[in-house]
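**Q** This structure is in structure tokens; I'll ask about it shortly.
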Protein chains: 2
Amino acid sequence: MVIFDITTSVDGFVAGPNASLENPLGEGGMQLHDWATVTRAWRERHGMGGGESNADSDLIAESLTRQGALIMGRRMFSGGSGPWEDDPNRDGWWGDDPPFHNPVFVLTNHSRETVTKDEGTTFTFVTDGIEAALEQARAAAADKDVFVVGGAETVQQYLAAGLIDEFEIHVAPMLLGAGTQLFGELGANLPQVELDTVVSSPAATHVRYRVVK
Amino acid sequence: MVIFDITTSVDGFVAGPNASLENPLGEGGMQLHDWATVTRAWRERHGMGGGESNADSDLIAESLTRQGALIMGRRMFSGGSGPWEDDPNRDGWWGDDPPFHNPVFVLTNHSRETVTKDEGTTFTFVTDGIEAALEQARAAAADKDVFVVGGAETVQQYLAAGLIDEFEIHVAPMLLGAGTQLFGELGANLPQVELDTVVSSPAATHVRYRVVK
């Protein structure tokens with residue numbers, strides 16, 4: 001299956017305004033992820049102890065077991081948006097041990113060698129489009145799922161192309177007022193969706209949809 | 001209390017593209033409200049028998065008992081957007097028995113006499129801004145709640161002005177891709193919100209927030 005799974009504000013933003021290399025999620029954007037960063041499952045994946053064991057944590061843990069490969073846009077690889085995003089020498093902003101622990105396929109116009117990090121994370125750069133990236137990701141994922149992890153533009157491309165099977169939106173209880181919208185204007189010929197499940201905690205409302213094929 | 005309570009698509013639209021007098025909710029916009037129009041409570045309010053008695057119906061029935069007065073923008077009164085929206089001779093598009101059964105305050109630049117309809121619906125035209133309309137609506141509502149019923153621009157004005165106490169978003173399981181967004185870009189200085197309750201059915205996910213004062 002091909003999935004996206006992303007956090008938005010109540011008003012539909014995945015990042016606040018004025019994103020930069022220092023602040024890739026823009027003003028107020030880090031807070032969107034507070035529901036996740038306090039959980040035991042998220043902290044464990046990021047090499048940290050402690051954290052809350054709650055419904056939010058269980059949901060992250062389950063999602064992680066399903067991941068076999070990831071797809072991201074070049075800005076998510078490089079961090080925020082800016083003149084550095086196409087710099088072929090820039091080694092992402094994820095450090096030596098990115099939290100993906102799976103093969104990651106990065107959509108870009110600039111070919112470069114695959115970058116290998118610790119704990120099973122590799123970044124492979126795909127220059128021939130979203131379907132080619134998906135084909136590679138499916139092969140790498142084997143019997144697990146392919147997660148389109150962002151940013152918004154990448155998610156929109158896969159959704160509009162009818163390539164998404166399921167998606168989950170984690171709605172954080174906050175308004176951002178400006179920034180990057182998850183959906184924006186997707187245009188016509190959109191897939192039909194059905195509600196799958198809703199899980200709710202004070203920290204976020206997790207709404208899962210199936211795309212009707 | 002001052003409340004809004006509105007239905008959006010998963011991608012945050014309250015109306016589809018190409019709204020007109022004949023199709024005020026735009027292409028695909030009527031379907032947003034399928035979750036409501038099949039319920040017993042909605043049908044009863046619109047003078048029709050039958051309908052489903054379910055969680056969605058209970059939620060509508062409870063909301064109706066709380067309403068003491070309503071506020072709407074001029075386009076919602078006139079129907080859609082177009083050259084007719086400021087026509088002072090146009091008597092709305094709600095017919096002789098609008099489903100409001102309460103005093104309705106219409107935000108407009110054109111003063112006109114109050115219009116009285118059947119079953120307790122009155123349309124009073126307020127030309128001196130959103131706070132003046134709210135003051136009149138509060139007086140009319142007495143110990144009940146004031147509902148800001150739309151459209152999106154009106155909701156945004158009240159929210160950005162810090163005049164909303166609670167709001168509920170009914171998310172219909174569909175993508176519209178274009179049209180009128182509920183929130184759009186609200187800008188800075190937004191109120192803080194907290195999750196209140198989540199009620200979910202296959203037909204819609206109802207998420208209620210409190211504004212932190």
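Chain identifiers are assigned as A, B, and so on, following the order in which chains appear in the structure tokens; residues are numbered from 1 within each chain, and ligands are numbered from 1 in order of appearance.
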Using only C-alpha atoms, tabulate the residues of chain A lying at most 10 Å from any atom of chain B, each with its closest atom pair and that distance in Å to one decimal, by chain and increasing residue number, as JSON lines.
**A**
{"residue": "A:Val10", "atom": "CA", "partner": "B:Phe183", "partner_atom": "CA", "distance": 8.8}
{"residue": "A:Asp11", "atom": "CA", "partner": "B:Phe183", "partner_atom": "CA", "distance": 5.7}
{"residue": "A:Gly12", "atom": "CA", "partner": "B:Gly12", "partner_atom": "CA", "distance": 7.1}
{"residue": "A:Phe13", "atom": "CA", "partner": "B:Glu185", "partner_atom": "CA", "distance": 9.6}
{"residue": "A:Pro17", "atom": "CA", "partner": "B:Gly187", "partner_atom": "CA", "distance": 9.6}
{"residue": "A:Ala160", "atom": "CA", "partner": "B:Gly177", "partner_atom": "CA", "distance": 9.2}
{"residue": "A:Ile169", "atom": "CA", "partner": "B:Val10", "partner_atom": "CA", "distance": 9.3}
{"residue": "A:Val171", "atom": "CA", "partner": "B:Val207", "partner_atom": "CA", "distance": 9.9}
{"residue": "A:Ala172", "atom": "CA", "partner": "B:Leu195", "partner_atom": "CA", "distance": 8.7}
{"residue": "A:Pro173", "atom": "CA", "partner": "B:Glu194", "partner_atom": "CA", "distance": 5.6}
{"residue": "A:Met174", "atom": "CA", "partner": "B:Val193", "partner_atom": "CA", "distance": 5.6}
{"residue": "A:Leu175", "atom": "CA", "partner": "B:Leu190", "partner_atom": "CA", "distance": 6.7}
{"residue": "A:Leu176", "atom": "CA", "partner": "B:Leu190", "partner_atom": "CA", "distance": 7.6}
{"residue": "A:Gly177", "atom": "CA", "partner": "B:Leu186", "partner_atom": "CA", "distance": 4.4}
{"residue": "A:Ala178", "atom": "CA", "partner": "B:Glu185", "partner_atom": "CA", "distance": 5.1}
{"residue": "A:Gly179", "atom": "CA", "partner": "B:Glu185", "partner_atom": "CA", "distance": 8.2}
{"residue": "A:Gln181", "atom": "CA", "partner": "B:Gly184", "partner_atom": "CA", "distance": 9.1}
{"residue": "A:Leu182", "atom": "CA", "partner": "B:Asp11", "partner_atom": "CA", "distance": 8.0}
{"residue": "A:Phe183", "atom": "CA", "partner": "B:Asp11", "partner_atom": "CA", "distance": 5.7}
{"residue": "A:Gly184", "atom": "CA", "partner": "B:Asp11", "partner_atom": "CA", "distance": 7.4}
{"residue": "A:Glu185", "atom": "CA", "partner": "B:Gly177", "partner_atom": "CA", "distance": 5.1}
{"residue": "A:Leu186", "atom": "CA", "partner": "B:Gly177", "partner_atom": "CA", "distance": 4.4}
{"residue": "A:Gly187", "atom": "CA", "partner": "B:Gly177", "partner_atom": "CA", "distance": 4.5}
{"residue": "A:Ala188", "atom": "CA", "partner": "B:Gly177", "partner_atom": "CA", "distance": 6.1}
{"residue": "A:Asn189", "atom": "CA", "partner": "B:Gly177", "partner_atom": "CA", "distance": 8.5}
{"residue": "A:Leu190", "atom": "CA", "partner": "B:Leu175", "partner_atom": "CA", "distance": 6.7}
{"residue": "A:Pro191", "atom": "CA", "partner": "B:Leu175", "partner_atom": "CA", "distance": 7.5}
{"residue": "A:Gln192", "atom": "CA", "partner": "B:Met174", "partner_atom": "CA", "distance": 6.3}
{"residue": "A:Val193", "atom": "CA", "partner": "B:Met174", "partner_atom": "CA", "distance": 5.6}
{"residue": "A:Glu194", "atom": "CA", "partner": "B:Pro173", "partner_atom": "CA", "distance": 5.6}
{"residue": "A:Leu195", "atom": "CA", "partner": "B:Pro202", "partner_atom": "CA", "distance": 5.8}
{"residue": "A:Asp196", "atom": "CA", "partner": "B:Pro202", "partner_atom": "CA", "distance": 7.8}
{"residue": "A:Thr197", "atom": "CA", "partner": "B:Ser200", "partner_atom": "CA", "distance": 8.6}
{"residue": "A:Val198", "atom": "CA", "partner": "B:Ser200", "partner_atom": "CA", "distance": 6.9}
{"residue": "A:Val199", "atom": "CA", "partner": "B:Val198", "partner_atom": "CA", "distance": 8.9}
{"residue": "A:Ser200", "atom": "CA", "partner": "B:Val198", "partner_atom": "CA", "distance": 6.9}
{"residue": "A:Ser201", "atom": "CA", "partner": "B:Leu195", "partner_atom": "CA", "distance": 8.3}
{"residue": "A:Pro202", "atom": "CA", "partner": "B:Leu195", "partner_atom": "CA", "distance": 5.8}
{"residue": "A:Ala203", "atom": "CA", "partner": "B:Leu195", "partner_atom": "CA", "distance": 7.7}
{"residue": "A:Ala204", "atom": "CA", "partner": "B:Leu195", "partner_atom": "CA", "distance": 7.9}
{"residue": "A:Thr205", "atom": "CA", "partner": "B:Val198", "partner_atom": "CA", "distance": 7.9}
{"residue": "A:Val207", "atom": "CA", "partner": "B:Thr205", "partner_atom": "CA", "distance": 8.2}
{"residue": "A:Arg208", "atom": "CA", "partner": "B:Pro173", "partner_atom": "CA", "distance": 9.9}
{"residue": "A:Tyr209", "atom": "CA", "partner": "B:Pro173", "partner_atom": "CA", "distance": 7.7}
{"residue": "A:Arg210", "atom": "CA", "partner": "B:Pro173", "partner_atom": "CA", "distance": 9.5}
{"residue": "A:Val211", "atom": "CA", "partner": "B:Met174", "partner_atom": "CA", "distance": 9.8}
**Q** Taking only range 32-97 of chain A into account, list the residues labelled strand (DSSP E) by DSSP (computed from the backbone), as a PyMOL selection string.
**A** chain A and resi 67-73
**Q** With a distance cut-off of 8 Å and only C-alpha atoms, select the neighbouring residues of Gln67 in chain A, excluding the residue or stretch itself and same-chain residues fewer than 3 positions from it, and output the selection as a PDB file with C-alpha atoms, in the first residue's frame.
**A**
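Below is the file that was written, result.pdb:
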ATOM      1  CA  SER A  63       2.681   3.164  11.706  1.00  0.00           C
ATOM      2  CA  LEU A  64       6.423   2.534  12.054  1.00  0.00           C
ATOM      3  CA  LEU A  70       9.674   6.362   2.182  1.00  0.00           C
ATOM      4  CA  ASN A 102      14.414   2.489   5.816  1.00  0.00           C
ATOM      5  CA  ALA A 141       9.421  -1.996   0.691  1.00  0.00           C
ATOM      6  CA  LYS A 144       5.558  -3.489   3.754  1.00  0.00           C
ATOM      7  CA  ASP A 145       4.044  -0.108   2.883  1.00  0.00           C
ATOM      8  CA  VAL A 146       5.436   2.881   1.046  1.00  0.00           C
ATOM      9  CA  PHE A 147       4.995   6.158   2.964  1.00  0.00           C
TER      10      PHE A 147
END
**Q** Residues at most 10 Å from Pro24 in chain A, counting only C-alpha atoms, excluding those fewer than 4 positions away in the same chain, as a compact mmCIF listing (two decimals) with N, CA and C atoms, in the first residue's frame?
**A**
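New file part-v6.txt:
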# COMPACT_ATOMS: atom_id res chain seq x y z
N ALA A 15 3.10 23.57 7.77
CA ALA A 15 4.22 24.39 8.23
C ALA A 15 3.72 25.82 8.36
N GLY A 16 4.34 26.57 9.28
CA GLY A 16 3.97 27.96 9.45
C GLY A 16 4.68 28.85 8.43
N PRO A 17 4.46 30.14 8.52
CA PRO A 17 5.09 31.06 7.57
C PRO A 17 6.59 31.23 7.84
N ASN A 18 7.30 31.72 6.83
CA ASN A 18 8.73 32.06 6.96
C ASN A 18 9.62 30.88 7.33
N ALA A 19 9.42 29.76 6.62
CA ALA A 19 10.30 28.61 6.81
C ALA A 19 11.71 28.99 6.38
N SER A 20 12.70 28.42 7.06
CA SER A 20 14.10 28.69 6.72
C SER A 20 14.92 27.46 7.07
N GLY A 29 5.42 26.12 13.47
CA GLY A 29 5.29 24.80 12.83
C GLY A 29 5.78 23.65 13.69
N MET A 30 6.80 23.89 14.52
CA MET A 30 7.30 22.81 15.38
C MET A 30 6.21 22.33 16.33
N ARG A 75 12.90 19.36 -0.84
CA ARG A 75 12.94 20.35 0.25
C ARG A 75 12.88 19.69 1.61
N MET A 76 12.15 18.58 1.71
CA MET A 76 12.11 17.88 2.99
C MET A 76 13.46 17.23 3.28
N SER A 78 16.37 18.48 2.21
CA SER A 78 17.37 19.53 2.48
C SER A 78 17.04 20.36 3.71
N GLY A 79 15.76 20.42 4.05
CA GLY A 79 15.35 21.23 5.20
C GLY A 79 14.77 22.55 4.75
N GLY A 80 13.46 22.72 4.92
CA GLY A 80 12.83 23.99 4.58
C GLY A 80 12.93 24.29 3.10
N SER A 81 12.71 25.52 2.72
CA SER A 81 12.85 25.90 1.32
C SER A 81 13.82 27.05 1.27
N GLY A 82 14.65 27.07 0.27
CA GLY A 82 15.63 28.15 0.18
C GLY A 82 16.62 27.82 -0.90
N TRP A 93 19.48 17.54 6.02
CA TRP A 93 19.60 18.17 7.36
C TRP A 93 19.25 17.16 8.43
**Q** Would you kindly return, as a list in words, each protein, DNA or RNA residue with an atom no farther than 7 Å from any atom of Asp56 in chain B, considering only C-alpha atoms and excluding same-chain residues fewer than 4 positions away?
**A**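 Everything that qualifies: Ala36, Thr39 and Ile60 of chain B.
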**Q** Mind giving me the straight-line distance from CA of Gly51 in chain B to CA of Ile6 in chain B in Å, one decimal?
**A**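 Taking CA of Gly51 in chain B and CA of Ile6 in chain B, their separation equals 20.5 Å.
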**Q** Considering only C-alpha atoms, state which residue in the set B:Val126, B:Ile71, B:Trp42, B:Glu22 is at the smallest distance from Asn54 in chain B.
**A** B:Trp42
**Q** Per DSSP on the backbone, filter range 129-171 of chain B down to the residues in alpha helix (DSSP H) and report them as a PyMOL selection string.
**A** chain B and resi 130-141+152-160
**Q** Next, dump the selected residues to file, keeping only N, CA and C atoms, as a PDB file, in the first residue's frame.
**A**
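Dumped to again_27.pdb:
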ATOM      1  N   ILE B 130     -19.194  43.747  12.329  1.00  0.00           N
ATOM      2  CA  ILE B 130     -19.402  42.450  12.957  1.00  0.00           C
ATOM      3  C   ILE B 130     -19.675  42.562  14.455  1.00  0.00           C
ATOM      4  N   GLU B 131     -19.090  43.568  15.115  1.00  0.00           N
ATOM      5  CA  GLU B 131     -19.343  43.672  16.563  1.00  0.00           C
ATOM      6  C   GLU B 131     -20.760  44.156  16.840  1.00  0.00           C
ATOM      7  N   ALA B 132     -21.229  45.084  16.019  1.00  0.00           N
ATOM      8  CA  ALA B 132     -22.609  45.568  16.161  1.00  0.00           C
ATOM      9  C   ALA B 132     -23.597  44.435  15.903  1.00  0.00           C
ATOM     10  N   ALA B 133     -23.318  43.629  14.895  1.00  0.00           N
ATOM     11  CA  ALA B 133     -24.205  42.497  14.599  1.00  0.00           C
ATOM     12  C   ALA B 133     -24.224  41.524  15.768  1.00  0.00           C
ATOM     13  N   LEU B 134     -23.048  41.305  16.357  1.00  0.00           N
ATOM     14  CA  LEU B 134     -22.969  40.372  17.482  1.00  0.00           C
ATOM     15  C   LEU B 134     -23.748  40.904  18.680  1.00  0.00           C
ATOM     16  N   GLU B 135     -23.637  42.197  18.909  1.00  0.00           N
ATOM     17  CA  GLU B 135     -24.368  42.788  20.029  1.00  0.00           C
ATOM     18  C   GLU B 135     -25.885  42.584  19.861  1.00  0.00           C
ATOM     19  N   GLN B 136     -26.375  42.830  18.655  1.00  0.00           N
ATOM     20  CA  GLN B 136     -27.811  42.625  18.399  1.00  0.00           C
ATOM     21  C   GLN B 136     -28.177  41.151  18.531  1.00  0.00           C
ATOM     22  N   ALA B 137     -27.295  40.289  18.024  1.00  0.00           N
ATOM     23  CA  ALA B 137     -27.593  38.855  18.069  1.00  0.00           C
ATOM     24  C   ALA B 137     -27.598  38.337  19.507  1.00  0.00           C
ATOM     25  N   ARG B 138     -26.653  38.829  20.318  1.00  0.00           N
ATOM     26  CA  ARG B 138     -26.615  38.409  21.734  1.00  0.00           C
ATOM     27  C   ARG B 138     -27.909  38.800  22.450  1.00  0.00           C
ATOM     28  N   ALA B 139     -28.361  40.017  22.176  1.00  0.00           N
ATOM     29  CA  ALA B 139     -29.599  40.476  22.815  1.00  0.00           C
ATOM     30  C   ALA B 139     -30.773  39.598  22.388  1.00  0.00           C
ATOM     31  N   ALA B 140     -30.813  39.256  21.106  1.00  0.00           N
ATOM     32  CA  ALA B 140     -31.920  38.432  20.594  1.00  0.00           C
ATOM     33  C   ALA B 140     -31.845  37.004  21.122  1.00  0.00           C
ATOM     34  N   ALA B 141     -30.632  36.509  21.324  1.00  0.00           N
ATOM     35  CA  ALA B 141     -30.457  35.119  21.744  1.00  0.00           C
ATOM     36  C   ALA B 141     -30.782  34.919  23.220  1.00  0.00           C
ATOM     37  N   ALA B 152     -17.700  31.483   4.685  1.00  0.00           N
ATOM     38  CA  ALA B 152     -16.353  31.349   5.216  1.00  0.00           C
ATOM     39  C   ALA B 152     -15.760  32.702   5.624  1.00  0.00           C
ATOM     40  N   GLU B 153     -15.976  33.701   4.810  1.00  0.00           N
ATOM     41  CA  GLU B 153     -15.375  35.009   5.084  1.00  0.00           C
ATOM     42  C   GLU B 153     -15.911  35.582   6.405  1.00  0.00           C
ATOM     43  N   THR B 154     -17.185  35.375   6.640  1.00  0.00           N
ATOM     44  CA  THR B 154     -17.803  35.860   7.879  1.00  0.00           C
ATOM     45  C   THR B 154     -17.242  35.105   9.084  1.00  0.00           C
ATOM     46  N   VAL B 155     -17.133  33.807   8.962  1.00  0.00           N
ATOM     47  CA  VAL B 155     -16.551  32.996  10.031  1.00  0.00           C
ATOM     48  C   VAL B 155     -15.121  33.459  10.326  1.00  0.00           C
ATOM     49  N   GLN B 156     -14.349  33.675   9.276  1.00  0.00           N
ATOM     50  CA  GLN B 156     -12.956  34.115   9.439  1.00  0.00           C
ATOM     51  C   GLN B 156     -12.872  35.446  10.177  1.00  0.00           C
ATOM     52  N   GLN B 157     -13.778  36.372   9.829  1.00  0.00           N
ATOM     53  CA  GLN B 157     -13.761  37.683  10.485  1.00  0.00           C
ATOM     54  C   GLN B 157     -13.998  37.556  11.989  1.00  0.00           C
ATOM     55  N   TYR B 158     -14.991  36.753  12.365  1.00  0.00           N
ATOM     56  CA  TYR B 158     -15.294  36.594  13.793  1.00  0.00           C
ATOM     57  C   TYR B 158     -14.169  35.852  14.519  1.00  0.00           C
ATOM     58  N   LEU B 159     -13.599  34.857  13.871  1.00  0.00           N
ATOM     59  CA  LEU B 159     -12.532  34.084  14.511  1.00  0.00           C
ATOM     60  C   LEU B 159     -11.296  34.952  14.720  1.00  0.00           C
ATOM     61  N   ALA B 160     -10.897  35.679  13.681  1.00  0.00           N
ATOM     62  CA  ALA B 160      -9.695  36.512  13.769  1.00  0.00           C
ATOM     63  C   ALA B 160      -9.877  37.652  14.775  1.00  0.00           C
TER      64      ALA B 160
END
**Q** Which residues are near Thr127 in chain B? Cut-off 7 Å, only C-alpha atoms, ignore same chain within fewer than 3 positions. Put them as a list in words.
**A** Leu107, Thr108, Asn109, His110 and Ser111 of chain B
**Q** With only C-alpha atoms as the basis for distance, which of A:Trp94, A:Val106, A:His170, A:Gly150 is at the shortest distance from Leu32 in chain A?
**A** A:His170
